[in-house]
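What follows is the content of start09.txt, which has compact mmCIF, C-alpha atoms:
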# COMPACT_ATOMS: atom_id res chain seq x y z
CA MET A 113 96.51 -31.60 -27.30
CA LYS A 114 95.05 -29.27 -24.75
CA ARG A 115 91.54 -29.97 -23.59
CA LYS A 116 88.96 -27.18 -23.31
CA ARG A 117 87.39 -26.99 -19.88
CA PRO A 118 83.58 -26.95 -19.70
CA HIS A 119 81.93 -23.62 -18.84
CA LYS A 120 80.83 -23.51 -15.21
CA ARG A 121 77.30 -22.21 -14.65
CA GLN A 122 76.83 -19.23 -12.39
CA SER A 123 75.17 -19.95 -9.06
CA ARG A 124 71.46 -18.84 -8.65
CA LYS A 125 70.98 -19.68 -5.02
CA GLY A 126 68.10 -17.56 -3.43
CA ALA A 127 66.48 -16.43 -6.70
CA ILE A 128 63.44 -18.71 -6.25
CA THR A 129 63.02 -17.51 -2.70
CA ILE A 130 62.91 -13.88 -3.79
CA LEU A 131 60.49 -14.68 -6.60
CA ALA A 132 58.28 -16.67 -4.23
CA ALA A 133 58.22 -13.78 -1.78
CA ILE A 134 57.15 -11.36 -4.51
CA LEU A 135 54.46 -13.73 -5.79
CA SER A 136 53.23 -14.30 -2.23
CA VAL A 137 52.53 -10.60 -1.87
CA VAL A 138 50.61 -10.65 -5.15
CA LEU A 139 48.76 -13.78 -4.07
CA ILE A 140 47.84 -12.25 -0.73
CA GLY A 141 46.56 -9.20 -2.57
CA MET A 142 44.44 -11.35 -4.84
CA VAL A 143 43.04 -13.29 -1.88
CA ALA A 144 42.33 -10.02 -0.08
CA PHE A 145 40.57 -8.72 -3.16
CA SER A 146 38.45 -11.86 -3.74
CA VAL A 147 37.51 -12.53 -0.11
CA ASP A 148 36.86 -8.94 0.92
CA ILE A 149 35.01 -7.97 -2.26
CA GLY A 150 32.90 -11.12 -1.99
CA TYR A 151 32.08 -10.28 1.60
CA VAL A 152 31.14 -6.71 0.65
CA LEU A 153 28.90 -7.90 -2.18
CA SER A 154 27.18 -10.36 0.15
CA ALA A 155 26.67 -7.58 2.70
CA LYS A 156 25.26 -5.33 -0.02
CA GLU A 157 22.67 -7.98 -0.95
CA ASP A 158 21.73 -8.42 2.70
CA LEU A 159 21.45 -4.66 3.15
CA GLN A 160 19.12 -4.37 0.15
CA ARG A 161 16.95 -7.23 1.37
CA SER A 162 16.74 -5.59 4.77
CA ALA A 163 15.75 -2.26 3.22
CA ASP A 164 13.11 -4.00 1.08
CA ALA A 165 11.65 -5.79 4.09
CA ALA A 166 11.62 -2.65 6.24
CA ALA A 167 9.94 -0.56 3.51
CA LEU A 168 7.27 -3.19 2.79
CA ALA A 169 6.54 -3.78 6.46
CA ALA A 170 6.40 -0.05 7.22
CA CYS A 171 4.06 0.72 4.31
CA TRP A 172 1.82 -2.21 5.21
CA GLU A 173 1.65 -1.05 8.83
CA TYR A 174 0.84 2.48 7.65
CA GLY A 175 -2.03 1.26 5.47
CA GLN A 176 -3.28 -1.13 8.13
CA LYS A 177 -3.35 1.56 10.80
CA LEU A 178 -5.26 3.86 8.45
CA SER A 179 -7.66 1.03 7.69
CA ASP A 180 -8.20 0.48 11.41
CA GLY A 181 -9.19 4.13 11.78
CA SER A 182 -5.99 5.52 13.30
CA SER A 183 -5.07 9.13 12.54
CA SER A 184 -2.49 9.96 9.88
CA ALA A 185 0.03 11.03 12.54
CA ALA A 186 -0.48 7.84 14.56
CA SER A 187 -0.20 5.73 11.39
CA VAL A 188 3.06 7.44 10.42
CA ALA A 189 4.50 6.88 13.90
CA ALA A 190 3.53 3.19 13.81
CA ALA A 191 5.09 2.78 10.36
CA ARG A 192 8.35 4.37 11.53
CA SER A 193 8.49 2.01 14.48
CA THR A 194 7.82 -0.97 12.22
CA ALA A 195 10.59 0.07 9.81
CA ALA A 196 13.04 0.23 12.72
CA ASN A 197 11.94 -3.16 14.04
CA TYR A 198 12.33 -4.91 10.69
CA ALA A 199 15.69 -3.27 10.06
CA ALA A 200 16.88 -4.63 13.40
CA LEU A 201 15.54 -8.13 12.69
CA ASN A 202 17.35 -8.39 9.34
CA GLN A 203 21.00 -8.42 10.37
CA VAL A 204 23.82 -7.40 8.05
CA THR A 205 27.39 -8.62 8.73
CA GLY A 206 26.07 -10.13 11.94
CA SER A 207 24.71 -6.87 13.35
CA ALA A 208 21.18 -5.46 13.71
CA MET A 209 20.60 -2.39 11.57
CA SER A 210 19.58 0.96 13.04
CA LEU A 211 17.68 3.82 11.38
CA ASP A 212 18.17 7.50 12.04
CA GLN A 213 14.69 8.78 12.95
CA ASN A 214 15.78 12.24 14.09
CA SER A 215 15.42 13.96 10.71
CA GLY A 216 11.61 13.58 10.59
CA ASN A 217 10.27 13.57 7.04
CA SER A 218 13.26 15.38 5.58
CA PRO A 219 14.09 14.12 2.06
CA ASP A 220 17.49 13.13 3.45
CA GLY A 221 16.03 11.00 6.25
CA ASP A 222 16.25 7.24 6.60
CA VAL A 223 12.44 6.82 6.69
CA VAL A 224 10.63 9.23 4.38
CA PHE A 225 6.91 9.36 3.51
CA GLY A 226 5.89 10.64 0.10
CA TYR A 227 3.57 10.47 -2.90
CA ILE A 228 4.31 8.87 -6.29
CA SER A 229 1.84 9.60 -9.07
CA ASP A 230 2.77 6.61 -11.28
CA PHE A 231 4.35 3.48 -9.79
CA LYS A 232 5.17 2.08 -13.24
CA ASN A 233 7.24 5.13 -14.17
CA SER A 234 10.68 4.92 -12.55
CA GLN A 235 11.14 8.64 -13.20
CA SER A 236 7.99 9.64 -11.34
CA ALA A 237 8.89 12.08 -8.56
CA PHE A 238 8.79 11.11 -4.90
CA GLU A 239 6.93 14.11 -3.45
CA THR A 240 7.34 14.56 0.30
CA ASN A 241 4.98 17.55 0.52
CA SER A 242 2.17 16.36 -1.74
CA ALA A 243 -1.36 17.60 -1.11
CA ASN A 244 -2.58 14.14 -2.14
CA GLY A 245 -1.24 12.55 1.03
CA TYR A 246 1.25 9.71 1.34
CA ASN A 247 1.13 6.57 -0.75
CA ALA A 248 4.76 5.45 -0.48
CA ILE A 249 7.55 5.04 2.06
CA ARG A 250 11.27 5.14 1.31
CA VAL A 251 13.65 3.37 3.68
CA ARG A 252 17.40 3.94 3.54
CA LEU A 253 19.86 1.68 5.34
CA ARG A 254 23.46 2.77 5.80
CA LYS A 255 26.68 1.23 7.03
CA ASN A 256 29.28 3.89 7.66
CA SER A 257 31.33 5.33 10.48
CA SER A 258 28.37 7.30 11.88
CA ILE A 259 25.70 4.58 11.87
CA ASN A 260 25.89 0.77 11.87
CA GLY A 261 29.65 0.79 11.11
CA GLU A 262 31.42 0.09 7.83
CA VAL A 263 31.48 -3.39 6.31
CA PRO A 264 34.81 -4.67 7.68
CA TYR A 265 37.68 -5.85 5.50
CA PHE A 266 39.82 -8.83 6.51
CA PHE A 267 42.91 -9.37 4.37
CA ALA A 268 42.78 -5.83 2.99
CA ARG A 269 43.76 -4.52 6.42
CA VAL A 270 47.31 -5.48 5.45
CA PHE A 271 47.15 -2.62 2.96
CA GLY A 272 45.71 -0.16 5.47
CA MET A 273 42.04 -0.45 4.39
CA ASP A 274 39.61 -1.08 7.26
CA GLY A 275 36.21 -1.33 5.59
CA GLN A 276 33.64 -0.33 2.97
CA VAL A 277 30.80 2.20 3.21
CA LEU A 278 27.46 0.83 1.92
CA GLN A 279 23.96 2.25 1.44
CA SER A 280 20.74 0.74 0.10
CA GLU A 281 17.26 2.20 -0.48
CA ALA A 282 13.83 0.69 -1.07
CA VAL A 283 10.48 2.30 -1.81
CA ALA A 284 7.21 0.53 -1.07
CA GLY A 285 3.84 1.97 -1.97
CA MET A 286 0.11 1.43 -2.29
CA ILE A 287 -2.29 2.78 -4.89
CA ARG A 288 -4.60 5.50 -3.55
CA ASP A 289 -6.07 6.88 -6.78
CA ILE A 290 -8.50 4.22 -7.99
CA ARG A 291 -9.98 4.04 -11.48
CA GLY A 292 -12.00 0.93 -10.81
CA PHE A 293 -11.89 -2.74 -9.85
CA GLN A 294 -11.34 -6.13 -11.43
CA ALA A 295 -11.37 -9.69 -10.14
CA PRO A 296 -8.23 -10.14 -8.01
CA ALA A 297 -5.66 -12.60 -9.30
CA ASN A 298 -5.74 -14.48 -5.99
CA GLY A 299 -9.46 -15.24 -6.39
CA GLU A 300 -10.57 -13.12 -3.43
CA ASN A 301 -13.69 -10.98 -3.35
CA VAL A 302 -13.62 -7.18 -3.48
CA ASP A 303 -15.12 -5.41 -0.46
CA LEU A 304 -17.46 -3.21 -2.50
CA LEU A 305 -21.03 -2.50 -1.37
CA PRO A 306 -23.78 -2.43 -4.03
CA TYR A 307 -24.99 0.96 -2.78
CA ALA A 308 -24.18 4.36 -4.26
CA LEU A 309 -24.12 7.70 -2.43
CA ASP A 310 -24.88 10.99 -4.14
CA LEU A 311 -21.99 13.40 -4.77
CA GLU A 312 -23.50 16.26 -2.77
CA THR A 313 -23.81 14.15 0.38
CA TRP A 314 -20.33 12.76 -0.25
CA ASN A 315 -18.89 16.28 -0.47
CA ASP A 316 -20.46 17.09 2.88
CA LEU A 317 -19.01 13.90 4.32
CA VAL A 318 -15.40 14.50 3.27
CA ALA A 319 -15.65 18.20 4.18
CA GLY A 320 -16.90 17.35 7.68
CA ASN A 321 -20.19 19.19 7.16
CA SER A 322 -22.42 16.85 9.11
CA SER A 323 -23.07 15.52 12.61
CA ASP A 324 -20.64 13.40 14.60
CA ASN A 325 -22.69 11.18 16.90
CA TYR A 326 -20.77 7.91 16.73
CA SER A 327 -17.20 6.93 17.52
CA TRP A 328 -14.94 4.15 16.29
CA ASN A 329 -12.32 2.67 18.63
CA ALA A 330 -9.44 1.40 16.50
CA GLU A 331 -7.99 -0.64 19.36
CA SER A 332 -11.12 -2.46 20.52
CA LYS A 333 -12.77 -2.24 17.08
CA GLN A 334 -16.01 -1.21 18.72
CA ILE A 335 -18.60 1.45 17.82
CA GLY A 336 -19.67 3.78 20.58
CA SER A 337 -21.63 6.98 21.07
CA GLY A 338 -20.02 10.40 21.03
CA SER A 339 -17.65 12.25 18.76
CA ASP A 340 -14.49 10.77 17.23
CA GLY A 341 -13.70 13.55 14.76
CA PHE A 342 -15.29 11.79 11.77
CA VAL A 343 -18.77 12.93 10.81
CA GLU A 344 -21.52 10.62 9.63
CA VAL A 345 -24.06 10.77 6.81
CA ASN A 346 -27.00 8.62 5.77
CA LEU A 347 -26.36 6.09 3.02
CA PHE A 348 -30.15 5.77 2.83
CA PRO A 349 -31.04 9.28 1.62
CA GLN A 350 -34.64 10.42 1.44
CA GLY A 351 -34.36 10.96 -2.28
CA THR A 352 -31.84 10.23 -5.03
CA GLY A 353 -33.71 11.86 -7.88
CA SER A 354 -34.87 8.45 -9.03
CA PRO A 355 -38.26 7.37 -7.62
CA GLY A 356 -38.34 3.76 -6.46
CA ASN A 357 -34.56 3.54 -6.12
CA ARG A 358 -32.40 4.58 -3.21
CA GLY A 359 -28.91 3.98 -4.47
CA THR A 360 -28.93 0.21 -4.94
CA ILE A 361 -26.89 -0.78 -7.99
CA ASP A 362 -26.39 -3.96 -9.99
CA ILE A 363 -22.85 -5.33 -10.01
CA GLY A 364 -22.73 -8.62 -11.86
CA GLY A 365 -25.86 -9.95 -13.48
CA ALA A 366 -28.70 -7.59 -14.29
CA ASN A 367 -31.48 -7.19 -11.71
CA ASN A 368 -29.74 -8.83 -8.78
CA SER A 369 -32.06 -10.51 -6.30
CA THR A 370 -32.24 -9.68 -2.61
CA SER A 371 -30.14 -12.77 -1.91
CA ASP A 372 -27.47 -11.51 -4.33
CA ILE A 373 -27.45 -8.13 -2.62
CA ALA A 374 -27.25 -9.78 0.81
CA ARG A 375 -24.32 -11.93 -0.32
CA GLN A 376 -22.44 -8.94 -1.71
CA ILE A 377 -23.03 -7.00 1.50
CA LEU A 378 -21.52 -9.76 3.62
CA HIS A 379 -18.79 -11.05 1.34
CA GLY A 380 -18.17 -8.46 -1.36
CA ILE A 381 -18.10 -8.73 -5.14
CA SER A 382 -17.01 -12.21 -6.22
CA PRO A 383 -15.02 -13.28 -9.32
CA GLU A 384 -18.30 -14.72 -10.61
CA ASP A 385 -19.93 -11.28 -10.25
CA PHE A 386 -17.10 -9.73 -12.25
CA ALA A 387 -17.47 -12.40 -14.92
CA ALA A 388 -21.23 -11.82 -15.16
CA HIS A 389 -20.65 -8.07 -15.33
CA ALA A 390 -18.15 -8.53 -18.18
CA ALA A 391 -20.50 -10.93 -19.98
CA ASN A 392 -22.98 -8.07 -20.26
CA GLY A 393 -20.33 -5.96 -21.98
CA ARG A 394 -19.58 -3.88 -18.90
CA SER A 395 -16.49 -3.13 -16.84
CA LEU A 396 -16.19 -1.74 -13.35
CA GLU A 397 -13.94 1.24 -14.10
CA PHE A 398 -14.22 4.83 -15.20
CA ASP A 399 -14.13 5.57 -18.91
CA GLU A 400 -11.93 8.25 -20.48
CA GLY A 401 -14.48 10.84 -19.43
CA GLY A 402 -14.11 9.82 -15.79
CA ALA A 403 -17.51 8.13 -15.45
CA LEU A 404 -18.90 4.65 -14.93
CA TYR A 405 -22.56 3.88 -15.67
CA LEU A 406 -24.27 1.25 -13.54
CA ASN A 407 -27.85 0.01 -13.58
CA GLY A 408 -30.02 0.54 -10.54
CA ASP A 409 -32.01 -1.88 -8.44
CA THR A 410 -35.21 -1.40 -6.45
CA GLY A 411 -33.59 0.19 -3.40
CA ILE A 412 -32.33 -0.66 0.06
CA SER A 413 -34.67 -3.31 1.37
CA SER A 414 -35.45 -4.16 4.97
CA GLY A 415 -34.70 -7.71 3.84
CA VAL A 416 -30.97 -6.98 4.13
CA LYS A 417 -31.02 -5.05 7.41
CA ASP A 418 -29.44 -7.99 9.25
CA GLU A 419 -26.63 -8.25 6.70
CA LEU A 420 -25.93 -4.51 6.92
CA ALA A 421 -25.94 -4.71 10.71
CA ALA A 422 -23.58 -7.70 10.60
CA ILE A 423 -20.82 -5.69 8.88
CA LYS A 424 -21.01 -2.64 11.16
CA GLY A 425 -17.50 -1.35 11.78
CA GLN A 426 -16.00 -3.25 8.84
CA PRO A 427 -14.43 -1.09 6.10
CA ARG A 428 -16.11 -1.20 2.69
CA VAL A 429 -15.97 0.72 -0.61
CA ILE A 430 -19.01 2.47 -2.04
CA PRO A 431 -19.46 4.19 -5.42
CA ILE A 432 -20.36 7.90 -5.54
CA PHE A 433 -22.81 9.02 -8.23
CA GLU A 434 -23.05 12.42 -9.86
CA SER A 435 -26.47 11.93 -11.47
CA VAL A 436 -29.17 9.33 -12.03
CA THR A 437 -31.75 8.97 -14.78
CA GLN A 438 -35.02 6.98 -15.01
CA ASN A 439 -36.71 5.05 -12.21
CA GLY A 440 -36.52 1.82 -10.21
CA ASN A 441 -34.88 -1.07 -12.05
CA ASN A 442 -34.44 1.16 -15.07
CA ALA A 443 -32.33 3.69 -13.17
CA GLU A 444 -28.84 4.41 -14.48
CA TYR A 445 -26.25 5.90 -12.16
CA LYS A 446 -23.28 7.95 -13.31
CA ILE A 447 -20.51 6.90 -10.92
CA VAL A 448 -17.63 9.37 -10.59
CA ARG A 449 -15.83 8.48 -7.32
CA TRP A 450 -15.01 5.63 -4.94
CA GLN A 451 -15.16 6.11 -1.18
CA GLY A 452 -13.97 4.03 1.76
CA ILE A 453 -16.56 3.88 4.56
CA ARG A 454 -17.72 1.88 7.55
CA ILE A 455 -21.31 1.42 8.67
CA MET A 456 -21.94 2.82 12.15
CA ALA A 457 -25.68 2.21 12.62
CA VAL A 458 -28.57 0.57 10.76
CA LYS A 459 -32.36 1.05 11.03
CA LEU A 460 -34.54 -0.02 8.11
CA THR A 461 -37.85 -0.51 9.89
CA GLY A 462 -40.51 1.97 10.95
CA ALA A 463 -41.37 5.29 9.34
CA MET A 464 -39.47 6.32 6.22
CA SER A 465 -38.09 9.42 7.95
CA GLN A 466 -36.52 7.23 10.66
CA LYS A 467 -34.80 4.76 8.37
CA HIS A 468 -31.05 5.15 8.03
CA VAL A 469 -27.77 3.42 7.24
CA THR A 470 -25.31 5.70 8.96
CA ILE A 471 -21.74 5.71 7.62
CA GLN A 472 -18.47 7.55 8.21
CA VAL A 473 -15.26 7.61 6.16
CA ALA A 474 -12.87 4.72 6.76
CA PRO A 475 -9.69 3.59 4.98
CA VAL A 476 -10.08 0.31 3.07
CA LEU A 477 -7.36 -2.00 1.75
CA VAL A 478 -8.71 -3.68 -1.39
CA ASN A 479 -7.35 -6.21 -3.87
CA GLY A 480 -8.11 -5.94 -7.58
CA VAL A 481 -7.80 -2.17 -7.86
CA ILE A 482 -7.24 -0.53 -11.24
CA PRO A 483 -4.99 2.52 -10.73
CA SER A 484 -5.90 5.95 -12.02
CA THR A 485 -3.46 8.55 -13.32
CA THR A 486 -5.94 11.22 -12.24
CA THR A 487 -5.98 12.31 -8.60
CA GLY A 488 -9.24 12.68 -6.69
CA THR A 489 -10.96 9.61 -8.15
CA SER A 490 -11.14 7.99 -4.72
CA LYS A 491 -10.85 8.68 -1.01
CA TYR A 492 -9.70 6.28 1.70
CA VAL A 493 -9.31 3.39 -0.77
CA TYR A 494 -5.91 1.69 -1.06
CA SER A 495 -4.35 -1.28 -2.76
CA PRO A 496 -2.15 -3.79 -0.90
CA VAL A 497 1.49 -2.77 -0.57
CA VAL A 498 3.99 -3.42 -3.39
CA LEU A 499 7.71 -2.81 -3.77
CA VAL A 500 8.01 0.13 -6.17
CA ARG A 501 11.76 0.72 -6.38
Please express the file's structure as structure tokens.
Amino acid sequence: MKRKRPHKRQSRKGAITILAAILSVVLIGMVAFSVDIGYVLSAKEDLQRSADAAALAACWEYGQKLSDGSSSAASVAAARSTAANYAALNQVTGSAMSLDQNSGNSPDGDVVFGYISDFKNSQSAFETNSANGYNAIRVRLRKNSSINGEVPYFFARVFGMDGQVLQSEAVAGMIRDIRGFQAPANGENVDLLPYALDLETWNDLVAGNSSDNYSWNAESKQIGSGSDGFVEVNLFPQGTGSPGNRGTIDIGGANNSTSDIARQILHGISPEDFAAHAANGRSLEFDEGGALYLNGDTGISSGVKDELAAIKGQPRVIPIFESVTQNGNNAEYKIVRWQGIRIMAVKLTGAMSQKHVTIQVAPVLVNGVIPSTTTGTSKYVYSPVVLVR
């Protein structure tokens, strides 16, 4: 009987090698994808953090320079320099970031100043030519072939890809249209003087229709004689329309004592003052008609001349009143504006005609602000800087 021979298997030598080679290419591609994409995502986060830091620092520097009395142009220049410095300090992919400053305030620039009417509305326009002035700064950081270089690839170079273009933007801003004030969350006082200035005098002040006999040196923080381009007016007017009252207002408890007024002059309005004000059913903000009604006190007393002199040069906020009714402690002021000022000179002794508390406009950074959606409610009063977008 003839035996059947077993079937001999065909040889597969080299098949595993070919398969391994094919899978190696796929594996390398997957590694390239995971490593390079991870690196790009990390760089993107770093770029955004750098843009955030540069925008916040630039906007803070802008507000601080304004508060110190620097001109708008000088404040803008300082803010641009600060943005560049912070971009350089926050490295991305191991390199300091650069900003293109040659495009000025063009909407396509890397550092752009603008105005945003509503920080809470993400659709609110960023206006670079607003008549309301600047309240926000947008910083753009780029990594491309023309500036800062692309984010480099590593494994993906095998496939002919050298790098990734990235761009991040951040907008920081500060509130400049103020509706009123509330106790700050951090427990600080609000630098608000308990003295109101009449609207007519205020209009002359902001229009420059007055004398300019004092100067403020932003660098030395000293008051001198001579012109500095900012006119002065008297916070102690000869008449407010309310006999027995020269603009002193009660913020907090009713009928504040001289010691209360002195404390508020030196240290501002405290959380306790806000609580006492609220306990009397009052708030420190404009109503829907754009007015705030505050009770009057007996007037600027010579008893606080030392306190007023002690804060000369320091920025403060004062309320602006449109009208006043009744007399003395019964006076009621209709407040319609807030104004940033600094006291330049004080004299509350001697003849009535010689008494004065001379002030000029001055930017003030204040905590506890309540924003207004209406422009023109305040001048030279700003909130601390926040990241808007």
Study note, to complete from the structure: Counting all atoms listed in the file, the residue among A:Gln334, A:Leu305, A:Arg375, A:Asn202 that lies closest to Gly452 in chain A is A:Leu305
Exercise for review: Grab the CA of Leu139 in chain A to CA of Phe267 in chain A distance for me, in Å with one decimal place.
Suggested key: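 CA of Phe267 in chain A lies at a distance of 11.2 Å from CA of Leu139 in chain A.
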Report the closest atom pair, with its distance in Å rounded to one decimal, for each residue of range 245-328 of chain A that has an atom no farther than 12 Å from range 402-426 of chain A; count only C-alpha atoms, sort by chain and then rising residue number, and write it as CSV.
residue,atom,partner,partner_atom,distance
A:Ile290,CA,A:Gly402,CA,11.1
A:Arg291,CA,A:Gly402,CA,8.3
A:Gly292,CA,A:Leu404,CA,8.9
A:Phe293,CA,A:Leu404,CA,11.4
A:Asp303,CA,A:Gln426,CA,9.6
A:Leu304,CA,A:Gln426,CA,11.4
A:Leu305,CA,A:Leu420,CA,9.8
A:Pro306,CA,A:Asp409,CA,9.4
A:Tyr307,CA,A:Ile412,CA,8.0
A:Ala308,CA,A:Gly408,CA,9.4
A:Leu309,CA,A:Ile412,CA,12.0
A:Tyr326,CA,A:Gly425,CA,11.0
A:Ser327,CA,A:Gly425,CA,10.1
A:Trp328,CA,A:Gly425,CA,7.6
With C-alpha atoms retained, could you export that selection as an mmCIF file, in the coordinates of the input?
data_model
loop_
_atom_site.group_PDB
_atom_site.id
_atom_site.type_symbol
_atom_site.label_atom_id
_atom_site.label_comp_id
_atom_site.auth_asym_id
_atom_site.auth_seq_id
_atom_site.Cartn_x
_atom_site.Cartn_y
_atom_site.Cartn_z
ATOM 1 C CA ILE A 290 -8.500 4.220 -7.990
ATOM 2 C CA ARG A 291 -9.980 4.040 -11.480
ATOM 3 C CA GLY A 292 -12.000 0.930 -10.810
ATOM 4 C CA PHE A 293 -11.890 -2.740 -9.850
ATOM 5 C CA ASP A 303 -15.120 -5.410 -0.460
ATOM 6 C CA LEU A 304 -17.460 -3.210 -2.500
ATOM 7 C CA LEU A 305 -21.030 -2.500 -1.370
ATOM 8 C CA PRO A 306 -23.780 -2.430 -4.030
ATOM 9 C CA TYR A 307 -24.990 0.960 -2.780
ATOM 10 C CA ALA A 308 -24.180 4.360 -4.260
ATOM 11 C CA LEU A 309 -24.120 7.700 -2.430
ATOM 12 C CA TYR A 326 -20.770 7.910 16.730
ATOM 13 C CA SER A 327 -17.200 6.930 17.520
ATOM 14 C CA TRP A 328 -14.940 4.150 16.290
#
Contacts between range 231-236 of chain A and range 267-380 of chain A, please, where a residue of range 267-380 of chain A counts if it comes within 12 Å (with all atoms listed in the file); show its shortest atom pair and distance in Å to one decimal, rows by chain and ascending number, as CSV.
residue,atom,partner,partner_atom,distance
A:Val283,CA,A:Phe231,CA,10.1
A:Ala284,CA,A:Phe231,CA,9.6
A:Gly285,CA,A:Phe231,CA,8.0
A:Met286,CA,A:Phe231,CA,8.9
A:Ile287,CA,A:Phe231,CA,8.3
A:Arg288,CA,A:Phe231,CA,11.1
A:Asp289,CA,A:Phe231,CA,11.4
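Closest approach to Val481 in chain A from the set A:Gln294, A:Phe145, A:Asp372, A:Ile453 is made by A:Gln294, with distances taken over only C-alpha atoms.
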Check your understanding: Looking at A:Ala200, A:Ile361, A:Ile134, A:Met273, which one is nearest to Ser162 in chain A, with distances taken over all atoms listed in the file?
Key -> A:Ala200
Exercise for review: Go ahead and compute the interatomic distance for CA of Leu168 in chain A and CA of Ile259 in chain A, in Å to one decimal.
Suggested key: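 A separation of 22.0 Å between them.
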**Study point:** Shortest interatomic distance to Tyr445 in chain A - which of A:Ser136, A:Thr129, A:Asn315, A:Thr360, counting only C-alpha atoms
**Key:**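 Result for the nearest residue to Tyr445 in chain A: A:Thr360.
The space separating CA of Gln160 in chain A from CA of Thr240 in chain A comes to 22.3 Å.
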Check your understanding: For Gly206 in chain A, which residue among A:Asn441, A:Asp274, A:Leu178, A:Ala155 is the nearest when counting all atoms listed in the file?
Key -> A:Ala155
**Study point:** All residues 12 Å or closer to range 339-341 of chain A, only C-alpha atoms, same chain fewer than 4 positions away omitted, as number ranges by chain
**Key:** A: 181-183, 317-330, 335, 472-474
Okay, now the selection with C-alpha atoms, as a compact mmCIF listing (two decimals), keeping the file's coordinate frame?
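part-v3.txt written:
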# COMPACT_ATOMS: atom_id res chain seq x y z
CA GLY A 181 -9.19 4.13 11.78
CA SER A 182 -5.99 5.52 13.30
CA SER A 183 -5.07 9.13 12.54
CA LEU A 317 -19.01 13.90 4.32
CA VAL A 318 -15.40 14.50 3.27
CA ALA A 319 -15.65 18.20 4.18
CA GLY A 320 -16.90 17.35 7.68
CA ASN A 321 -20.19 19.19 7.16
CA SER A 322 -22.42 16.85 9.11
CA SER A 323 -23.07 15.52 12.61
CA ASP A 324 -20.64 13.40 14.60
CA ASN A 325 -22.69 11.18 16.90
CA TYR A 326 -20.77 7.91 16.73
CA SER A 327 -17.20 6.93 17.52
CA TRP A 328 -14.94 4.15 16.29
CA ASN A 329 -12.32 2.67 18.63
CA ALA A 330 -9.44 1.40 16.50
CA ILE A 335 -18.60 1.45 17.82
CA GLN A 472 -18.47 7.55 8.21
CA VAL A 473 -15.26 7.61 6.16
CA ALA A 474 -12.87 4.72 6.76
Point to revise | Test item: residues at most 10 Å from Val448 in chain A, only C-alpha atoms, excluding those fewer than 4 positions along its chain, as a list in words | key: Arg291, Asp310, Leu311, Glu397, Phe398, Asp399, Gly401, Gly402, Ala403, Leu404, Tyr405, Pro431, Ile432, Phe433, Glu434, Ser435, Gly488, Thr489 and Ser490 of chain A
Can you rebuild range 327-338 of chain A with N, CA and C atoms and give it as a compact mmCIF listing (two decimals), in the frame of the given file?
# COMPACT_ATOMS: atom_id res chain seq x y z
N SER A 327 -18.66 7.00 17.45
CA SER A 327 -17.20 6.93 17.52
C SER A 327 -16.74 5.52 17.21
N TRP A 328 -15.55 5.44 16.61
CA TRP A 328 -14.94 4.15 16.29
C TRP A 328 -13.65 4.01 17.08
N ASN A 329 -13.52 2.94 17.85
CA ASN A 329 -12.32 2.67 18.63
C ASN A 329 -11.44 1.71 17.84
N ALA A 330 -10.30 2.22 17.35
CA ALA A 330 -9.44 1.40 16.50
C ALA A 330 -8.81 0.25 17.27
N GLU A 331 -8.62 0.41 18.58
CA GLU A 331 -7.99 -0.64 19.36
C GLU A 331 -8.97 -1.78 19.66
N SER A 332 -10.13 -1.43 20.17
CA SER A 332 -11.12 -2.46 20.52
C SER A 332 -12.00 -2.85 19.34
N LYS A 333 -11.93 -2.03 18.26
CA LYS A 333 -12.77 -2.24 17.08
C LYS A 333 -14.26 -2.28 17.44
N GLN A 334 -14.64 -1.31 18.27
CA GLN A 334 -16.01 -1.21 18.72
C GLN A 334 -16.58 0.17 18.36
N ILE A 335 -17.89 0.20 18.09
CA ILE A 335 -18.60 1.45 17.82
C ILE A 335 -19.23 1.93 19.11
N GLY A 336 -19.07 3.21 19.39
CA GLY A 336 -19.67 3.78 20.58
C GLY A 336 -20.37 5.09 20.25
N SER A 337 -20.97 5.69 21.25
CA SER A 337 -21.63 6.98 21.07
C SER A 337 -20.63 8.09 21.36
N GLY A 338 -20.91 9.27 20.82
CA GLY A 338 -20.02 10.40 21.03
C GLY A 338 -19.14 10.67 19.82
